[in-house]
>>> print(open('data_9.cif').read())   # mmCIF, C-alpha atoms
data_model
#
loop_
_atom_site.label_atom_id
_atom_site.label_comp_id
_atom_site.auth_asym_id
_atom_site.auth_seq_id
_atom_site.Cartn_x
_atom_site.Cartn_y
_atom_site.Cartn_z
CA MET A 33 0.78 18.06 -18.63
CA SER A 34 -1.50 15.53 -17.10
CA GLN A 35 -2.62 15.15 -13.51
CA GLU A 36 -4.24 12.30 -11.63
CA ILE A 37 -5.06 11.33 -8.08
CA GLU A 38 -3.33 8.11 -7.11
CA ILE A 39 -4.92 5.93 -4.44
CA GLU A 40 -2.93 2.81 -3.77
CA PHE A 41 -2.19 0.21 -1.14
CA LYS A 42 1.25 -1.34 -0.74
CA ASN A 43 2.69 -4.39 0.94
CA LEU A 44 6.27 -5.62 0.98
CA LEU A 45 6.65 -9.26 0.01
CA THR A 46 9.21 -11.92 0.73
CA LYS A 47 10.93 -13.34 -2.33
CA ASP A 48 8.89 -16.56 -2.00
CA GLU A 49 5.60 -14.61 -1.79
CA TYR A 50 6.59 -12.57 -4.83
CA LEU A 51 7.52 -15.67 -6.85
CA LYS A 52 4.22 -17.35 -5.91
CA LEU A 53 2.24 -14.31 -7.14
CA LYS A 54 4.45 -13.95 -10.23
CA ASN A 55 3.81 -17.59 -11.12
CA THR A 56 0.06 -17.00 -10.71
CA TYR A 57 0.13 -14.22 -13.31
CA THR A 58 2.50 -15.73 -15.88
CA ASN A 59 0.29 -14.57 -18.76
CA HIS A 60 1.05 -10.90 -17.98
CA LYS A 61 4.06 -9.19 -19.54
CA MET A 62 6.90 -7.91 -17.37
CA ILE A 63 8.15 -4.40 -18.07
CA THR A 64 11.32 -2.76 -16.79
CA GLN A 65 11.41 0.84 -15.67
CA GLU A 66 13.92 3.01 -13.88
CA ASN A 67 13.07 5.81 -11.47
CA HIS A 68 15.61 8.62 -11.05
CA TYR A 69 14.98 10.58 -7.84
CA PHE A 70 15.52 14.30 -7.30
CA ASP A 71 15.41 16.77 -4.40
CA THR A 72 17.41 19.71 -3.10
CA PRO A 73 20.46 19.06 -0.89
CA PHE A 74 18.31 20.17 2.07
CA PHE A 75 15.39 17.86 1.09
CA HIS A 76 12.80 20.59 0.55
CA LEU A 77 10.53 18.19 -1.35
CA LYS A 78 10.85 15.39 1.19
CA ASP A 79 10.01 17.83 3.99
CA MET A 80 6.79 18.76 2.15
CA GLY A 81 5.88 15.08 1.81
CA SER A 82 6.44 15.38 -1.93
CA ALA A 83 8.63 13.49 -4.38
CA LEU A 84 10.13 14.21 -7.78
CA ARG A 85 11.29 11.58 -10.25
CA ILE A 86 12.03 10.90 -13.86
CA ARG A 87 10.64 7.53 -14.88
CA GLU A 88 12.45 5.91 -17.77
CA LYS A 89 10.62 3.24 -19.75
CA SER A 90 11.16 1.74 -23.17
CA TYR A 91 8.90 4.38 -24.73
CA GLY A 92 10.54 7.44 -23.16
CA PHE A 93 10.96 9.68 -20.13
CA GLN A 94 8.34 11.19 -17.84
CA LEU A 95 8.92 13.72 -15.07
CA THR A 96 6.48 13.25 -12.17
CA LEU A 97 5.84 15.40 -9.12
CA LYS A 98 3.95 13.62 -6.34
CA GLN A 99 2.19 15.82 -3.77
CA PRO A 100 0.00 14.69 -0.88
CA VAL A 101 -3.67 15.64 -1.04
CA LYS A 102 -6.61 14.77 1.20
CA GLU A 103 -7.52 11.57 -0.66
CA GLY A 104 -4.28 10.09 -2.01
CA ILE A 105 -1.42 11.59 -3.98
CA LEU A 106 -1.69 14.20 -6.73
CA GLU A 107 0.64 13.22 -9.56
CA THR A 108 1.61 15.83 -12.13
CA HIS A 109 3.27 14.36 -15.22
CA GLN A 110 5.39 16.07 -17.84
CA LYS A 111 6.95 14.32 -20.84
CA LEU A 112 10.67 14.83 -21.36
CA THR A 113 12.84 14.39 -24.40
CA PRO A 114 15.89 12.15 -23.97
CA SER A 115 18.15 15.23 -24.01
CA GLU A 116 16.06 16.99 -21.32
CA ALA A 117 16.21 13.90 -19.10
CA LYS A 118 19.96 13.57 -19.67
CA ASP A 119 20.47 17.25 -18.80
CA MET A 120 18.59 16.89 -15.49
CA LEU A 121 20.42 13.67 -14.61
CA GLU A 122 23.86 15.08 -15.36
CA ASN A 123 23.51 18.75 -14.42
CA GLY A 124 20.62 18.96 -11.94
CA GLY A 125 18.13 21.78 -12.00
CA LEU A 126 14.67 21.38 -13.45
CA ILE A 127 13.38 21.60 -17.00
CA ALA A 128 10.88 24.42 -17.54
CA GLY A 129 7.24 23.41 -17.61
CA GLU A 130 4.23 22.60 -15.47
CA VAL A 131 6.22 20.75 -12.79
CA SER A 132 8.73 23.58 -12.31
CA ASP A 133 5.84 26.08 -12.19
CA LEU A 134 4.21 24.13 -9.34
CA LEU A 135 7.47 23.89 -7.42
CA VAL A 136 8.23 27.60 -7.80
CA LYS A 137 4.72 28.36 -6.43
CA ALA A 138 5.52 26.07 -3.47
CA GLY A 139 8.72 28.03 -2.78
CA ILE A 140 11.14 25.27 -3.80
CA PRO A 141 14.52 26.55 -5.07
CA ILE A 142 14.41 24.62 -8.36
CA GLN A 143 17.94 25.65 -9.36
CA GLU A 144 19.18 23.56 -6.39
CA ILE A 145 17.47 20.34 -7.47
CA ILE A 146 19.91 17.46 -7.90
CA HIS A 147 19.76 13.79 -8.84
CA PHE A 148 20.08 11.56 -5.74
CA GLY A 149 20.03 8.13 -7.32
CA SER A 150 18.07 5.54 -9.24
CA LEU A 151 15.90 2.51 -8.61
CA LYS A 152 15.23 -0.12 -11.30
CA THR A 153 12.02 -2.15 -11.21
CA ASP A 154 10.78 -5.21 -13.06
CA ARG A 155 7.01 -4.80 -13.00
CA ILE A 156 4.00 -6.97 -13.76
CA GLU A 157 0.65 -5.18 -14.09
CA VAL A 158 -2.58 -7.15 -13.68
CA PRO A 159 -5.93 -5.41 -14.30
CA LEU A 160 -8.54 -6.52 -11.74
CA GLY A 161 -11.84 -4.91 -12.65
CA ASN A 162 -11.37 -1.12 -12.39
CA ASN A 163 -8.24 -1.61 -10.27
CA LEU A 164 -4.64 -2.55 -11.02
CA LEU A 165 -2.55 -5.12 -9.17
CA VAL A 166 1.18 -4.43 -9.53
CA LEU A 167 4.00 -6.81 -8.65
CA ASP A 168 7.40 -5.12 -8.36
CA HIS A 169 10.93 -6.46 -7.99
CA SER A 170 13.12 -3.40 -7.33
CA LYS A 171 16.90 -3.05 -7.20
CA TYR A 172 18.71 -0.05 -5.74
CA LEU A 173 21.92 0.71 -3.82
CA ASN A 174 23.02 -2.98 -3.89
CA LYS A 175 19.68 -3.99 -2.37
CA GLU A 176 16.54 -5.61 -3.73
CA ASP A 177 12.99 -5.79 -2.49
CA PHE A 178 9.63 -7.17 -3.57
CA GLU A 179 6.33 -5.37 -3.36
CA MET A 180 2.67 -5.68 -4.20
CA GLU A 181 0.77 -2.48 -5.00
CA PHE A 182 -2.94 -2.15 -5.60
CA GLU A 183 -4.02 1.00 -7.46
CA VAL A 184 -7.70 1.74 -6.93
CA LYS A 185 -10.40 4.25 -7.83
CA ASP A 186 -12.31 3.97 -4.53
CA ARG A 187 -10.36 3.83 -1.24
CA ILE A 188 -12.92 1.88 0.83
CA GLU A 189 -13.72 -0.76 -1.78
CA GLY A 190 -10.05 -0.98 -2.80
CA GLU A 191 -8.83 -1.55 0.74
CA SER A 192 -11.32 -4.38 1.19
CA ILE A 193 -10.20 -6.09 -2.04
CA PHE A 194 -6.52 -5.56 -1.16
CA LYS A 195 -6.90 -7.16 2.27
CA LYS A 196 -8.76 -10.08 0.70
CA LEU A 197 -5.94 -10.57 -1.83
CA LEU A 198 -3.37 -10.64 0.98
CA SER A 199 -5.51 -13.08 2.96
CA ASN A 200 -6.06 -15.37 -0.05
CA TYR A 201 -2.31 -15.68 -0.54
CA LYS A 202 -1.62 -15.88 3.22
CA ILE A 203 0.54 -12.75 3.10
CA PRO A 204 0.70 -10.77 6.35
CA VAL A 205 0.03 -7.03 6.26
CA ARG A 206 3.36 -5.21 6.51
CA LYS A 207 3.98 -1.51 7.00
CA THR A 208 5.32 -0.48 3.61
CA ASP A 209 6.90 2.86 2.76
CA ASN A 210 6.87 4.06 -0.82
CA LYS A 211 9.86 3.39 -3.08
CA ILE A 212 11.47 6.80 -2.73
CA LYS A 213 11.32 6.60 1.07
CA ARG A 214 12.83 3.10 1.03
CA PHE A 215 15.51 4.39 -1.33
CA TYR A 216 16.38 7.32 0.98
CA GLN A 217 16.35 5.11 4.08
CA GLU A 218 18.83 2.72 2.45
CA LYS A 219 21.00 5.61 1.26
CA ILE A 220 21.14 7.00 4.81
CA ARG A 221 21.77 3.55 6.28
CA GLN A 222 24.70 2.96 3.94
CA ALA A 223 26.16 6.40 4.70
CA THR A 224 26.35 5.74 8.45
#
>>> encode(input="data_9.cif", output="structure tokens")
Amino acid sequence: MSQEIEIEFKNLLTKDEYLKLKNTYTNHKMITQENHYFDTPFFHLKDMGSALRIREKSYGFQLTLKQPVKEGILETHQKLTPSEAKDMLENGGLIAGEVSDLLVKAGIPIQEIIHFGSLKTDRIEVPLGNNLLVLDHSKYLNKEDFEMEFEVKDRIEGESIFKKLLSNYKIPVRKTDNKIKRFYQEKIRQAT
């Protein structure tokens, strides 16, 4: 198990803004990843402000629980074998380990956890000093969106740099929900 505090800033982009930034960072490799989202049918995790996903990359599968803390998001990571990931995706429930232990302590009925859907992202990561600029093109539920994330170590300094980046590229600040929230909002929109 590994844990880290994630402090990041996000901004949705238009396709043109995304392409302009992508063309600026052509020397950085694009990676593809897929997030598979989980919750109970009654959205226990969502109601706690938490999220649970399996992230699938070329090198394997990682289960991540995101929980809000005072200064950012606490991420708890647990590696999964391909068969463990397949079992969760096909049968629901939660593989035993550090993540399930945390959810049991939080009173979440882990036997009720089910897979709600997936979001695929083409990602470019650009180190900027101690921070990381991320350009994402995500596809989910017959929809696509473009996003800039800025992962930082220090909230105050990071916010200043992030706003300067937006200003330099003439990108307006936009209220931006995280990927899982955008995914759920689109799922609800399509169901109505």
>>> resolve_selection(input="data_9.cif", expression="the PyMOL selection byres ((chain A and resi 203-218) around 9)", output="PyMOL selection string")
chain A and resi 41-45+49+67+69+78+83+85+148-151+170+172-173+175+179+195+197-202+219-223
>>> closest_residue(input="data_9.cif", among="A:Ile86, A:Asn163, A:Leu135, A:Tyr91", to="Ala117 in chain A", atoms="only C-alpha atoms")
A:Ile86
>>> resolve_selection(input="data_9.cif", expression="the PyMOL selection byres ((chain A and resi 87) around 9)", output="ChimeraX atom specification")
/A:65-69,85-86,88-89,92-96
>>> resolve_selection(input="data_9.cif", expression="the PyMOL selection byres ((chain A and resi 154) around 6)", output="PDB file with C-alpha atoms, in the frame of the given file")
ATOM      1  CA  ILE A  63       8.150  -4.400 -18.070  1.00  0.00           C
ATOM      2  CA  THR A  64      11.320  -2.760 -16.790  1.00  0.00           C
ATOM      3  CA  THR A 153      12.020  -2.150 -11.210  1.00  0.00           C
ATOM      4  CA  ARG A 155       7.010  -4.800 -13.000  1.00  0.00           C
ATOM      5  CA  ASP A 168       7.400  -5.120  -8.360  1.00  0.00           C
ATOM      6  CA  HIS A 169      10.930  -6.460  -7.990  1.00  0.00           C
TER       7      HIS A 169
END
>>> residues_around(input="data_9.cif", residues="Ser34 in chain A", least_positions_apart="5", cutoff="9 Å", atoms="only C-alpha atoms", output="number ranges by chain")
A: 107-110
>>> closest_residue(input="data_9.cif", among="A:Val158, A:Leu121, A:Val184, A:Leu164", to="Leu53 in chain A", atoms="all atoms listed in the file")
A:Val158
>>> closest_residue(input="data_9.cif", among="A:Ser115, A:Thr224, A:Thr72, A:Asn174", to="Ile145 in chain A", atoms="only C-alpha atoms")
A:Thr72
>>> closest_residue(input="data_9.cif", among="A:Lys137, A:His60, A:Lys52, A:His147", to="Pro73 in chain A", atoms="only C-alpha atoms")
A:His147
>>> axis_aligned_box(input="data_9.cif", around="range 48-59 of chain A", padding_each_side="5 Å", output="lines of an AutoDock Vina configuration file")
center_x = 4.5
center_y = -15.1
center_z = -10.3
size_x = 18.8
size_y = 15.0
size_z = 27.0
>>> closest_residue(input="data_9.cif", among="A:Lys61, A:Lys196, A:His76, A:Arg187", to="Glu103 in chain A", atoms="all atoms listed in the file")
A:Arg187
>>> atom_distance(input="data_9.cif", atom1="CA of Ile193 in chain A", atom2="CA of Met62 in chain A")
23.0 Å
>>> closest_residue(input="data_9.cif", among="A:Ile142, A:Leu134, A:Leu51, A:Leu165", to="Leu106 in chain A", atoms="all atoms listed in the file")
A:Leu134
>>> build_atoms(input="data_9.cif", residues="range 57-87 of chain A", atoms="N, CA and C atoms", output="PDB file, in the coordinates of the input")
ATOM      1  N   TYR A  57       0.458 -15.142 -12.220  1.00  0.00           N
ATOM      2  CA  TYR A  57       0.130 -14.220 -13.310  1.00  0.00           C
ATOM      3  C   TYR A  57       1.157 -14.317 -14.446  1.00  0.00           C
ATOM      4  N   THR A  58       1.488 -15.527 -14.842  1.00  0.00           N
ATOM      5  CA  THR A  58       2.500 -15.730 -15.880  1.00  0.00           C
ATOM      6  C   THR A  58       2.061 -15.228 -17.253  1.00  0.00           C
ATOM      7  N   ASN A  59       0.769 -15.033 -17.454  1.00  0.00           N
ATOM      8  CA  ASN A  59       0.290 -14.570 -18.760  1.00  0.00           C
ATOM      9  C   ASN A  59       0.357 -13.043 -18.904  1.00  0.00           C
ATOM     10  N   HIS A  60       0.915 -12.354 -17.913  1.00  0.00           N
ATOM     11  CA  HIS A  60       1.050 -10.900 -17.980  1.00  0.00           C
ATOM     12  C   HIS A  60       2.512 -10.533 -18.226  1.00  0.00           C
ATOM     13  N   LYS A  61       2.725  -9.594 -19.116  1.00  0.00           N
ATOM     14  CA  LYS A  61       4.060  -9.190 -19.540  1.00  0.00           C
ATOM     15  C   LYS A  61       4.779  -8.401 -18.439  1.00  0.00           C
ATOM     16  N   MET A  62       6.074  -8.675 -18.302  1.00  0.00           N
ATOM     17  CA  MET A  62       6.900  -7.910 -17.370  1.00  0.00           C
ATOM     18  C   MET A  62       7.524  -6.742 -18.124  1.00  0.00           C
ATOM     19  N   ILE A  63       7.486  -5.568 -17.500  1.00  0.00           N
ATOM     20  CA  ILE A  63       8.150  -4.400 -18.070  1.00  0.00           C
ATOM     21  C   ILE A  63       9.238  -3.938 -17.103  1.00  0.00           C
ATOM     22  N   THR A  64      10.256  -3.302 -17.632  1.00  0.00           N
ATOM     23  CA  THR A  64      11.320  -2.760 -16.790  1.00  0.00           C
ATOM     24  C   THR A  64      11.273  -1.249 -16.877  1.00  0.00           C
ATOM     25  N   GLN A  65      11.384  -0.620 -15.719  1.00  0.00           N
ATOM     26  CA  GLN A  65      11.410   0.840 -15.670  1.00  0.00           C
ATOM     27  C   GLN A  65      12.457   1.265 -14.662  1.00  0.00           C
ATOM     28  N   GLU A  66      12.947   2.491 -14.824  1.00  0.00           N
ATOM     29  CA  GLU A  66      13.920   3.010 -13.880  1.00  0.00           C
ATOM     30  C   GLU A  66      13.460   4.368 -13.393  1.00  0.00           C
ATOM     31  N   ASN A  67      13.424   4.534 -12.075  1.00  0.00           N
ATOM     32  CA  ASN A  67      13.070   5.810 -11.470  1.00  0.00           C
ATOM     33  C   ASN A  67      14.348   6.519 -11.045  1.00  0.00           C
ATOM     34  N   HIS A  68      14.473   7.783 -11.442  1.00  0.00           N
ATOM     35  CA  HIS A  68      15.610   8.620 -11.050  1.00  0.00           C
ATOM     36  C   HIS A  68      15.042   9.692 -10.106  1.00  0.00           C
ATOM     37  N   TYR A  69      15.547   9.726  -8.876  1.00  0.00           N
ATOM     38  CA  TYR A  69      14.980  10.580  -7.840  1.00  0.00           C
ATOM     39  C   TYR A  69      15.742  11.889  -7.670  1.00  0.00           C
ATOM     40  N   PHE A  70      14.974  12.960  -7.414  1.00  0.00           N
ATOM     41  CA  PHE A  70      15.520  14.300  -7.300  1.00  0.00           C
ATOM     42  C   PHE A  70      14.993  14.997  -6.039  1.00  0.00           C
ATOM     43  N   ASP A  71      15.809  15.889  -5.505  1.00  0.00           N
ATOM     44  CA  ASP A  71      15.410  16.770  -4.400  1.00  0.00           C
ATOM     45  C   ASP A  71      16.487  17.840  -4.299  1.00  0.00           C
ATOM     46  N   THR A  72      16.340  18.757  -3.372  1.00  0.00           N
ATOM     47  CA  THR A  72      17.410  19.710  -3.100  1.00  0.00           C
ATOM     48  C   THR A  72      18.347  19.082  -2.064  1.00  0.00           C
ATOM     49  N   PRO A  73      19.551  19.608  -1.913  1.00  0.00           N
ATOM     50  CA  PRO A  73      20.460  19.060  -0.890  1.00  0.00           C
ATOM     51  C   PRO A  73      19.877  19.133   0.528  1.00  0.00           C
ATOM     52  N   PHE A  74      18.929  20.026   0.746  1.00  0.00           N
ATOM     53  CA  PHE A  74      18.310  20.170   2.070  1.00  0.00           C
ATOM     54  C   PHE A  74      16.937  19.483   2.135  1.00  0.00           C
ATOM     55  N   PHE A  75      16.609  18.686   1.131  1.00  0.00           N
ATOM     56  CA  PHE A  75      15.390  17.860   1.090  1.00  0.00           C
ATOM     57  C   PHE A  75      14.100  18.675   1.254  1.00  0.00           C
ATOM     58  N   HIS A  76      14.022  19.772   0.514  1.00  0.00           N
ATOM     59  CA  HIS A  76      12.800  20.590   0.550  1.00  0.00           C
ATOM     60  C   HIS A  76      11.562  19.777   0.156  1.00  0.00           C
ATOM     61  N   LEU A  77      11.684  18.966  -0.895  1.00  0.00           N
ATOM     62  CA  LEU A  77      10.530  18.190  -1.350  1.00  0.00           C
ATOM     63  C   LEU A  77      10.133  17.138  -0.324  1.00  0.00           C
ATOM     64  N   LYS A  78      11.116  16.421   0.180  1.00  0.00           N
ATOM     65  CA  LYS A  78      10.850  15.390   1.190  1.00  0.00           C
ATOM     66  C   LYS A  78      10.152  15.999   2.406  1.00  0.00           C
ATOM     67  N   ASP A  79      10.607  17.166   2.829  1.00  0.00           N
ATOM     68  CA  ASP A  79      10.010  17.830   3.990  1.00  0.00           C
ATOM     69  C   ASP A  79       8.560  18.234   3.758  1.00  0.00           C
ATOM     70  N   MET A  80       8.180  18.432   2.492  1.00  0.00           N
ATOM     71  CA  MET A  80       6.790  18.760   2.150  1.00  0.00           C
ATOM     72  C   MET A  80       5.947  17.503   1.955  1.00  0.00           C
ATOM     73  N   GLY A  81       6.585  16.332   2.077  1.00  0.00           N
ATOM     74  CA  GLY A  81       5.880  15.080   1.810  1.00  0.00           C
ATOM     75  C   GLY A  81       5.723  14.806   0.323  1.00  0.00           C
ATOM     76  N   SER A  82       6.514  15.514  -0.482  1.00  0.00           N
ATOM     77  CA  SER A  82       6.440  15.380  -1.930  1.00  0.00           C
ATOM     78  C   SER A  82       7.630  14.586  -2.462  1.00  0.00           C
ATOM     79  N   ALA A  83       7.545  14.212  -3.735  1.00  0.00           N
ATOM     80  CA  ALA A  83       8.630  13.490  -4.380  1.00  0.00           C
ATOM     81  C   ALA A  83       8.698  13.898  -5.843  1.00  0.00           C
ATOM     82  N   LEU A  84       9.910  13.854  -6.386  1.00  0.00           N
ATOM     83  CA  LEU A  84      10.130  14.210  -7.780  1.00  0.00           C
ATOM     84  C   LEU A  84      10.987  13.123  -8.423  1.00  0.00           C
ATOM     85  N   ARG A  85      10.535  12.638  -9.573  1.00  0.00           N
ATOM     86  CA  ARG A  85      11.290  11.580 -10.250  1.00  0.00           C
ATOM     87  C   ARG A  85      11.170  11.740 -11.753  1.00  0.00           C
ATOM     88  N   ILE A  86      12.153  11.167 -12.432  1.00  0.00           N
ATOM     89  CA  ILE A  86      12.030  10.900 -13.860  1.00  0.00           C
ATOM     90  C   ILE A  86      11.877   9.399 -13.966  1.00  0.00           C
ATOM     91  N   ARG A  87      10.824   8.960 -14.632  1.00  0.00           N
ATOM     92  CA  ARG A  87      10.640   7.530 -14.880  1.00  0.00           C
ATOM     93  C   ARG A  87      11.038   7.255 -16.324  1.00  0.00           C
TER      94      ARG A  87
END
